[in-house]
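For reference, the structure discussed in these notes is given below.
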Amino acid sequence: MSFSSCLITLLTDFGTRDAFVGIMKGVILSIAPTVHIIDLSHDVPPQEILTGALILRSAVPFFPPGTIHVAVVDPGVGSQRRAVVVQTRDAFFVGPDNGLLSLAAPPESVVRVIHLTNTAYFLPRLSHTFHGRDVFAPVAAHLSRGVSLEVLGPTIPAIEELALPIIERTETQLIGSVTAIDHFGNLITNITEADLLPFPRETLWVSIGPVQIQGLVATYAAVSPDTVAALMNSWGVLEIAVRNGSAAQRLNTSIGTAVCVRIA
Amino acid sequence: MSFSSCLITLLTDFGTRDAFVGIMKGVILSIAPTVHIIDLSHDVPPQEILTGALILRSAVPFFPPGTIHVAVVDPGVGSQRRAVVVQTRDAFFVGPDNGLLSLAAPPESVVRVIHLTNTAYFLPRLSHTFHGRDVFAPVAAHLSRGVSLEVLGPTIPAIEELALPIIERTETQLIGSVTAIDHFGNLITNITEADLLPFPRETLWVSIGPVQIQGLVATYAAVSPDTVAALMNSWGVLEIAVRNGSAAQRLNTSIGTAVCVRIA
Amino acid sequence: MSFSSCLITLLTDFGTRDAFVGIMKGVILSIAPTVHIIDLSHDVPPQEILTGALILRSAVPFFPPGTIHVAVVDPGVGSQRRAVVVQTRDAFFVGPDNGLLSLAAPPESVVRVIHLTNTAYFLPRLSHTFHGRDVFAPVAAHLSRGVSLEVLGPTIPAIEELALPIIERTETQLIGSVTAIDHFGNLITNITEADLLPFPRETLWVSIGPVQIQGLVATYAAVSPDTVAALMNSWGVLEIAVRNGSAAQRLNTSIGTAVCVRIA
């Protein structure tokens, strides 16, 4: 087995005050003592599947091939929602089949999807409320040790997809929206570099609520402190920021707020 | 030395804003460079020994035999309270002797208790305010390298016990209390599966303040969103939850609030 | 290569809600799969370089020789500020040249400073807003694998220094200030053990705002609960604390507040 399958990442909405995350790591290391475990985030807002899916998508390209990503934002735990493993060209994903995995593992990348039904790879006693501990952690640990996908359960055609906010286009403008707000209060949109490629950056006008921003800048430092700026961020999507401040607070914005780019 | 003694967990009330926890890890890795270190929680509310003890107890069963658990919630640091190592059948515990370790290491499990007095296994310069760094981290690191318990100090008969809230029983009801509130706002009680075993779950009435809940459900998803539910949680104790919401906020509850189960 | 250069620490103001930190770890482990990564803090208040510099200085002495410390509090990211590696007698530091590294790597300890210009050791695509991912993480990973400093860029004479608040001295008193407030609300000052060495501790008066404290105590537990106390903390600087409480809240203090010690 190559190194790369010795790396497991964790993304949850469990927070870090309780020992939920530590317990998942205990379960993993009891089965796979030499695996490396990396936290992506445990501060996904409770039950916010879309936010978790976006964070997961943002991180996955920067991990070695074969990394096993465990993601648990799971309001339907204990219900009929399926537990799955998704194998893509580059990675494995373990989690609930509620859309959480679908942005990081889009259909064109998927090699195989397994419905996790073989309880031999779960903890012996299965609770109704903590499958992170009882199902997803042990399955990921067994995967990292080279257990093959087929023994974990039947192959199924696909996972649940998550509907992302779409972009409306007219001849004179694109209308997207804020899909995430980061730790600094920067507003992350769903408008990509490709969307704006045909248009000269300095002639664009970006508007959000009553605020109009002329042109894109290259860096936060290109504007004066406390000034609102629009820029292409490090994931190649349009971002609205306030230098050394919080755009979310300043513009009183929440996820879903419309962002308009005037292209002519 | 087997692998399992190469795993150290950390539980503190130090938070993660300062470098207190990172420093403990630096001390450990300076002495035991290959040990694995897992965080249980560093967000125990400052000086809340009972909360720390409950979190530690919740996590310990999921770690491999021989794991060394370091726990530091230590309002008496620098005073006469003892520093101890507790060996149980399955694990080692390093921390202050103030009750913090006593729920995870109950008397019937204890093999030996050592009063940490041999300063040769501490950092050379001992502060009065940060024994996590100066005493507990280096002792745990030395333990993981196979140092035997006897050299660390004299054996003592027992550690301090922590008084847990007790359950009152009458012929018609059990009265327990909320012992913890988790990240999701779920209310964790001290009423166990064993307490309720004799009674059919669907006929039980659970009450907290003015709220009455009929019957236990199996999963969060078994009730409608925003509905209060009672269930046996993944540690086998009675929990009161609001689906996709916070029971603590909804019921305006704090630790210690009485929870009554009508059994007839 | 010795073990010690297999340890990388991370200090940022990125928070832990997004996956910024996890992504840096993915980048590092893609290049250096066996390195150990330790978090110092990711909760430096956004853009607060001085706070980050103080936390870094507090931690560095407790890590093994050869540790690589990556620190990113970087309001000037993407501007003309330099990216650097600093080699000291004991460690390596990787980060922006904005003063952040200067307290942990003071001039007398510096062996060499390299201006990071060789893009062959960065990620292939360099963003303008996330050099933690694109520059500092990969450079640290390459360093841990034994890449020599000279190939990373030209040697430069020195890094930017950070101005620390100074202490005013008269014949009867020292006037310092609060430089940091820790997780417990303890007030950390810039007055050191050396500053107070000539004076008997019990005769000192420490004042902050309208509050006067007579004498220093050895431990938090030496005063009654909820009482304000002054003591030398575990880093050898004067600290003002409230037993089992928060001095910052109680005294309504912020960073920069003057602290006066009457020495006669």
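Residues are referred to by chain and number: the chain letter is A, B, ... according to the order shown in the structure tokens, the number counts from 1 in that chain, and ligands are numbered separately from 1 in the order shown.
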
Practice prompt. Show me which bits of chain A are within 10 Å of chain B, counting only C-alpha atoms, as an MDAnalysis selection string.
Written response: chainID A and resid 13:31 33:34 36:37 43 45:48 75:80 125:131 133:134

Worksheet item: Following superposition of chain C onto chain B on all C-alpha atoms, paired in order, what is the C-alpha RMSD to one decimal in Å?
Response: 0.0 Å

Discussion item. I need the residues in region 70-246 of chain A that are alpha helix (DSSP H) according to DSSP; give them as a list in words.
Written reply: His131, Ala137, Pro138, Val139, Ala140, Ala141, His142, Leu143, Ser144, Glu193, Ala194, Asp195 and Leu196 of chain A

Please produce a file of those selected residues containing all heavy atoms, as a PDB file, in the first residue's frame.
ATOM      1  N   HIS A 131     -22.847   8.178  13.962  1.00  0.00           N
ATOM      2  CA  HIS A 131     -22.239   7.312  12.955  1.00  0.00           C
ATOM      3  C   HIS A 131     -20.827   7.765  12.576  1.00  0.00           C
ATOM      4  O   HIS A 131     -20.063   6.992  12.010  1.00  0.00           O
ATOM      5  CB  HIS A 131     -23.150   7.223  11.724  1.00  0.00           C
ATOM      6  CG  HIS A 131     -24.364   6.379  11.980  1.00  0.00           C
ATOM      7  ND1 HIS A 131     -25.238   5.994  11.000  1.00  0.00           N
ATOM      8  CD2 HIS A 131     -24.847   5.815  13.132  1.00  0.00           C
ATOM      9  CE1 HIS A 131     -26.214   5.259  11.517  1.00  0.00           C
ATOM     10  NE2 HIS A 131     -26.000   5.151  12.803  1.00  0.00           N
ATOM     11  N   ALA A 137     -15.729   6.484  10.836  1.00  0.00           N
ATOM     12  CA  ALA A 137     -14.341   6.369  11.297  1.00  0.00           C
ATOM     13  C   ALA A 137     -13.799   4.953  11.089  1.00  0.00           C
ATOM     14  O   ALA A 137     -12.726   4.782  10.497  1.00  0.00           O
ATOM     15  CB  ALA A 137     -14.228   6.802  12.764  1.00  0.00           C
ATOM     16  N   PRO A 138     -14.506   3.913  11.538  1.00  0.00           N
ATOM     17  CA  PRO A 138     -13.931   2.574  11.335  1.00  0.00           C
ATOM     18  C   PRO A 138     -13.818   2.185   9.861  1.00  0.00           C
ATOM     19  O   PRO A 138     -12.821   1.563   9.462  1.00  0.00           O
ATOM     20  CB  PRO A 138     -14.887   1.640  12.102  1.00  0.00           C
ATOM     21  CG  PRO A 138     -16.125   2.422  12.364  1.00  0.00           C
ATOM     22  CD  PRO A 138     -15.713   3.873  12.401  1.00  0.00           C
ATOM     23  N   VAL A 139     -14.798   2.570   9.033  1.00  0.00           N
ATOM     24  CA  VAL A 139     -14.701   2.233   7.612  1.00  0.00           C
ATOM     25  C   VAL A 139     -13.479   2.915   6.983  1.00  0.00           C
ATOM     26  O   VAL A 139     -12.717   2.297   6.235  1.00  0.00           O
ATOM     27  CB  VAL A 139     -15.997   2.622   6.864  1.00  0.00           C
ATOM     28  CG1 VAL A 139     -15.763   2.676   5.353  1.00  0.00           C
ATOM     29  CG2 VAL A 139     -17.110   1.634   7.198  1.00  0.00           C
ATOM     30  N   ALA A 140     -13.264   4.187   7.316  1.00  0.00           N
ATOM     31  CA  ALA A 140     -12.095   4.890   6.769  1.00  0.00           C
ATOM     32  C   ALA A 140     -10.800   4.222   7.217  1.00  0.00           C
ATOM     33  O   ALA A 140      -9.855   4.080   6.439  1.00  0.00           O
ATOM     34  CB  ALA A 140     -12.128   6.359   7.201  1.00  0.00           C
ATOM     35  N   ALA A 141     -10.771   3.809   8.474  1.00  0.00           N
ATOM     36  CA  ALA A 141      -9.561   3.163   8.985  1.00  0.00           C
ATOM     37  C   ALA A 141      -9.295   1.844   8.257  1.00  0.00           C
ATOM     38  O   ALA A 141      -8.159   1.547   7.875  1.00  0.00           O
ATOM     39  CB  ALA A 141      -9.700   2.926  10.493  1.00  0.00           C
ATOM     40  N   HIS A 142     -10.357   1.063   8.049  1.00  0.00           N
ATOM     41  CA  HIS A 142     -10.179  -0.198   7.325  1.00  0.00           C
ATOM     42  C   HIS A 142      -9.738   0.063   5.879  1.00  0.00           C
ATOM     43  O   HIS A 142      -8.855  -0.615   5.362  1.00  0.00           O
ATOM     44  CB  HIS A 142     -11.472  -1.020   7.357  1.00  0.00           C
ATOM     45  CG  HIS A 142     -11.756  -1.661   8.680  1.00  0.00           C
ATOM     46  ND1 HIS A 142     -10.947  -2.630   9.222  1.00  0.00           N
ATOM     47  CD2 HIS A 142     -12.742  -1.448   9.592  1.00  0.00           C
ATOM     48  CE1 HIS A 142     -11.424  -3.013  10.407  1.00  0.00           C
ATOM     49  NE2 HIS A 142     -12.518  -2.306  10.651  1.00  0.00           N
ATOM     50  N   LEU A 143     -10.346   1.071   5.236  1.00  0.00           N
ATOM     51  CA  LEU A 143      -9.917   1.435   3.875  1.00  0.00           C
ATOM     52  C   LEU A 143      -8.427   1.751   3.839  1.00  0.00           C
ATOM     53  O   LEU A 143      -7.712   1.342   2.924  1.00  0.00           O
ATOM     54  CB  LEU A 143     -10.669   2.684   3.404  1.00  0.00           C
ATOM     55  CG  LEU A 143     -11.944   2.516   2.606  1.00  0.00           C
ATOM     56  CD1 LEU A 143     -12.483   3.891   2.232  1.00  0.00           C
ATOM     57  CD2 LEU A 143     -11.712   1.675   1.351  1.00  0.00           C
ATOM     58  N   SER A 144      -7.964   2.512   4.835  1.00  0.00           N
ATOM     59  CA  SER A 144      -6.552   2.920   4.831  1.00  0.00           C
ATOM     60  C   SER A 144      -5.628   1.716   4.981  1.00  0.00           C
ATOM     61  O   SER A 144      -4.458   1.780   4.625  1.00  0.00           O
ATOM     62  CB  SER A 144      -6.286   3.929   5.947  1.00  0.00           C
ATOM     63  OG  SER A 144      -6.120   3.272   7.193  1.00  0.00           O
ATOM     64  N   GLU A 193     -13.613  32.753 -12.386  1.00  0.00           N
ATOM     65  CA  GLU A 193     -12.712  33.368 -13.352  1.00  0.00           C
ATOM     66  C   GLU A 193     -13.187  33.140 -14.783  1.00  0.00           C
ATOM     67  O   GLU A 193     -13.174  34.050 -15.607  1.00  0.00           O
ATOM     68  CB  GLU A 193     -11.312  32.782 -13.191  1.00  0.00           C
ATOM     69  CG  GLU A 193     -10.326  33.778 -12.645  1.00  0.00           C
ATOM     70  CD  GLU A 193      -9.051  33.104 -12.151  1.00  0.00           C
ATOM     71  OE1 GLU A 193      -8.935  31.855 -12.249  1.00  0.00           O
ATOM     72  OE2 GLU A 193      -8.185  33.824 -11.658  1.00  0.00           O
ATOM     73  N   ALA A 194     -13.639  31.906 -15.045  1.00  0.00           N
ATOM     74  CA  ALA A 194     -14.112  31.580 -16.392  1.00  0.00           C
ATOM     75  C   ALA A 194     -15.310  32.444 -16.777  1.00  0.00           C
ATOM     76  O   ALA A 194     -15.423  32.902 -17.923  1.00  0.00           O
ATOM     77  CB  ALA A 194     -14.468  30.089 -16.481  1.00  0.00           C
ATOM     78  N   ASP A 195     -16.195  32.687 -15.803  1.00  0.00           N
ATOM     79  CA  ASP A 195     -17.364  33.523 -16.076  1.00  0.00           C
ATOM     80  C   ASP A 195     -16.960  34.923 -16.539  1.00  0.00           C
ATOM     81  O   ASP A 195     -17.654  35.544 -17.341  1.00  0.00           O
ATOM     82  CB  ASP A 195     -18.243  33.663 -14.820  1.00  0.00           C
ATOM     83  CG  ASP A 195     -18.929  32.366 -14.416  1.00  0.00           C
ATOM     84  OD1 ASP A 195     -19.304  31.591 -15.318  1.00  0.00           O
ATOM     85  OD2 ASP A 195     -19.085  32.139 -13.202  1.00  0.00           O
ATOM     86  N   LEU A 196     -15.883  35.425 -15.992  1.00  0.00           N
ATOM     87  CA  LEU A 196     -15.506  36.824 -16.240  1.00  0.00           C
ATOM     88  C   LEU A 196     -14.385  36.972 -17.262  1.00  0.00           C
ATOM     89  O   LEU A 196     -13.995  38.084 -17.613  1.00  0.00           O
ATOM     90  CB  LEU A 196     -15.098  37.499 -14.918  1.00  0.00           C
ATOM     91  CG  LEU A 196     -16.211  37.568 -13.861  1.00  0.00           C
ATOM     92  CD1 LEU A 196     -15.717  38.271 -12.610  1.00  0.00           C
ATOM     93  CD2 LEU A 196     -17.454  38.271 -14.408  1.00  0.00           C
TER      94      LEU A 196
END

Practice prompt. Name the residues in contact with region 208-213 of chain A at a cut-off of 7 Å, using only C-alpha atoms, excluding same-chain residues fewer than 4 positions from it; report them as a list in words.
Written response: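 The neighbour list is Ala229, Ala230, Ala258, Val259 and Cys260 of chain A.
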
Store the residues picked out above, limited to C-alpha atoms, as a compact mmCIF listing (two decimals), in the first residue's frame.
# COMPACT_ATOMS: atom_id res chain seq x y z
CA ALA A 229 -12.63 45.67 -2.83
CA ALA A 230 -13.51 42.93 -5.31
CA ALA A 258 -27.09 38.51 -4.58
CA VAL A 259 -23.89 39.77 -6.20
CA CYS A 260 -24.17 41.46 -9.57

Excluding region 83-98 of chain B and any residue of its chain fewer than 4 positions from it, enumerate the residues within 7 Å of it, using only C-alpha atoms, and give them as a PDB file with N, CA and C atoms, in the first residue's frame.
ATOM      1  N   PRO B  65      -5.656   0.129  23.998  1.00  0.00           N
ATOM      2  CA  PRO B  65      -5.075  -0.168  25.306  1.00  0.00           C
ATOM      3  C   PRO B  65      -3.687   0.450  25.432  1.00  0.00           C
ATOM      4  N   GLY B  66      -3.386   0.975  26.594  1.00  0.00           N
ATOM      5  CA  GLY B  66      -2.067   1.548  26.831  1.00  0.00           C
ATOM      6  C   GLY B  66      -1.963   3.017  26.498  1.00  0.00           C
ATOM      7  N   THR B  67      -3.024   3.604  25.960  1.00  0.00           N
ATOM      8  CA  THR B  67      -2.992   5.040  25.664  1.00  0.00           C
ATOM      9  C   THR B  67      -2.739   5.840  26.948  1.00  0.00           C
ATOM     10  N   ILE B  68      -1.985   6.911  26.803  1.00  0.00           N
ATOM     11  CA  ILE B  68      -1.684   7.794  27.932  1.00  0.00           C
ATOM     12  C   ILE B  68      -2.537   9.055  27.790  1.00  0.00           C
ATOM     13  N   HIS B  69      -3.448   9.273  28.734  1.00  0.00           N
ATOM     14  CA  HIS B  69      -4.333  10.428  28.682  1.00  0.00           C
ATOM     15  C   HIS B  69      -3.827  11.515  29.637  1.00  0.00           C
ATOM     16  N   VAL B  70      -3.498  12.672  29.102  1.00  0.00           N
ATOM     17  CA  VAL B  70      -3.071  13.802  29.922  1.00  0.00           C
ATOM     18  C   VAL B  70      -4.247  14.764  30.034  1.00  0.00           C
ATOM     19  N   ALA B  71      -4.655  15.074  31.254  1.00  0.00           N
ATOM     20  CA  ALA B  71      -5.799  15.960  31.456  1.00  0.00           C
ATOM     21  C   ALA B  71      -5.408  17.061  32.427  1.00  0.00           C
ATOM     22  N   VAL B  72      -5.654  18.316  32.037  1.00  0.00           N
ATOM     23  CA  VAL B  72      -5.253  19.441  32.873  1.00  0.00           C
ATOM     24  C   VAL B  72      -6.371  20.479  32.946  1.00  0.00           C
ATOM     25  N   ASP B  74      -7.057  22.700  36.165  1.00  0.00           N
ATOM     26  CA  ASP B  74      -6.163  22.682  37.329  1.00  0.00           C
ATOM     27  C   ASP B  74      -6.183  23.999  38.092  1.00  0.00           C
ATOM     28  N   ALA B 105     -11.287   6.975  35.445  1.00  0.00           N
ATOM     29  CA  ALA B 105     -10.514   5.941  36.138  1.00  0.00           C
ATOM     30  C   ALA B 105     -11.181   5.634  37.479  1.00  0.00           C
ATOM     31  N   SER B 109     -11.306   0.143  38.516  1.00  0.00           N
ATOM     32  CA  SER B 109     -10.423  -0.061  37.368  1.00  0.00           C
ATOM     33  C   SER B 109      -8.963   0.232  37.689  1.00  0.00           C
ATOM     34  N   VAL B 110      -8.713   0.842  38.852  1.00  0.00           N
ATOM     35  CA  VAL B 110      -7.374   1.361  39.135  1.00  0.00           C
ATOM     36  C   VAL B 110      -6.410   0.250  39.546  1.00  0.00           C
ATOM     37  N   VAL B 111      -5.255   0.222  38.906  1.00  0.00           N
ATOM     38  CA  VAL B 111      -4.207  -0.730  39.245  1.00  0.00           C
ATOM     39  C   VAL B 111      -3.214  -0.100  40.212  1.00  0.00           C
ATOM     40  N   ARG B 112      -2.881   1.155  39.952  1.00  0.00           N
ATOM     41  CA  ARG B 112      -1.899   1.826  40.801  1.00  0.00           C
ATOM     42  C   ARG B 112      -1.992   3.340  40.637  1.00  0.00           C
ATOM     43  N   VAL B 113      -1.703   4.045  41.720  1.00  0.00           N
ATOM     44  CA  VAL B 113      -1.637   5.507  41.677  1.00  0.00           C
ATOM     45  C   VAL B 113      -0.266   5.947  42.175  1.00  0.00           C
ATOM     46  N   ILE B 114       0.366   6.824  41.399  1.00  0.00           N
ATOM     47  CA  ILE B 114       1.688   7.331  41.764  1.00  0.00           C
ATOM     48  C   ILE B 114       1.591   8.836  42.011  1.00  0.00           C
ATOM     49  N   HIS B 115       2.137   9.271  43.121  1.00  0.00           N
ATOM     50  CA  HIS B 115       2.247  10.700  43.402  1.00  0.00           C
ATOM     51  C   HIS B 115       3.529  11.204  42.719  1.00  0.00           C
ATOM     52  N   LEU B 116       3.403  12.110  41.792  1.00  0.00           N
ATOM     53  CA  LEU B 116       4.556  12.551  40.999  1.00  0.00           C
ATOM     54  C   LEU B 116       5.428  13.495  41.816  1.00  0.00           C
ATOM     55  N   PHE B 136       3.167  17.650  33.608  1.00  0.00           N
ATOM     56  CA  PHE B 136       2.346  16.586  33.021  1.00  0.00           C
ATOM     57  C   PHE B 136       2.824  16.187  31.624  1.00  0.00           C
ATOM     58  N   ALA B 140       4.289  12.417  30.846  1.00  0.00           N
ATOM     59  CA  ALA B 140       3.607  11.571  29.853  1.00  0.00           C
ATOM     60  C   ALA B 140       4.585  11.122  28.772  1.00  0.00           C
ATOM     61  N   ILE B 159      -6.930   8.172  44.280  1.00  0.00           N
ATOM     62  CA  ILE B 159      -7.060   9.573  43.878  1.00  0.00           C
ATOM     63  C   ILE B 159      -8.327  10.173  44.478  1.00  0.00           C
ATOM     64  N   GLU B 160      -8.422  11.476  44.402  1.00  0.00           N
ATOM     65  CA  GLU B 160      -9.631  12.181  44.837  1.00  0.00           C
ATOM     66  C   GLU B 160     -10.807  11.774  43.960  1.00  0.00           C
TER      67      GLU B 160
END

Fill in: strand (DSSP E) call set, DSSP backbone run, region 12-256 of chain A, as a ChimeraX atom specification
/A:12,36-41,68-72,83-88,92-96,110-115,155-156,168-169,173-181,187-192,205-208,211-214,228-232,237-242

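The nearest approach to Ala241 (chain A) among the residues A:Pro157, A:Gly185, A:Pro200, A:Pro165, with only C-alpha atoms taken into account, belongs to A:Gly185.
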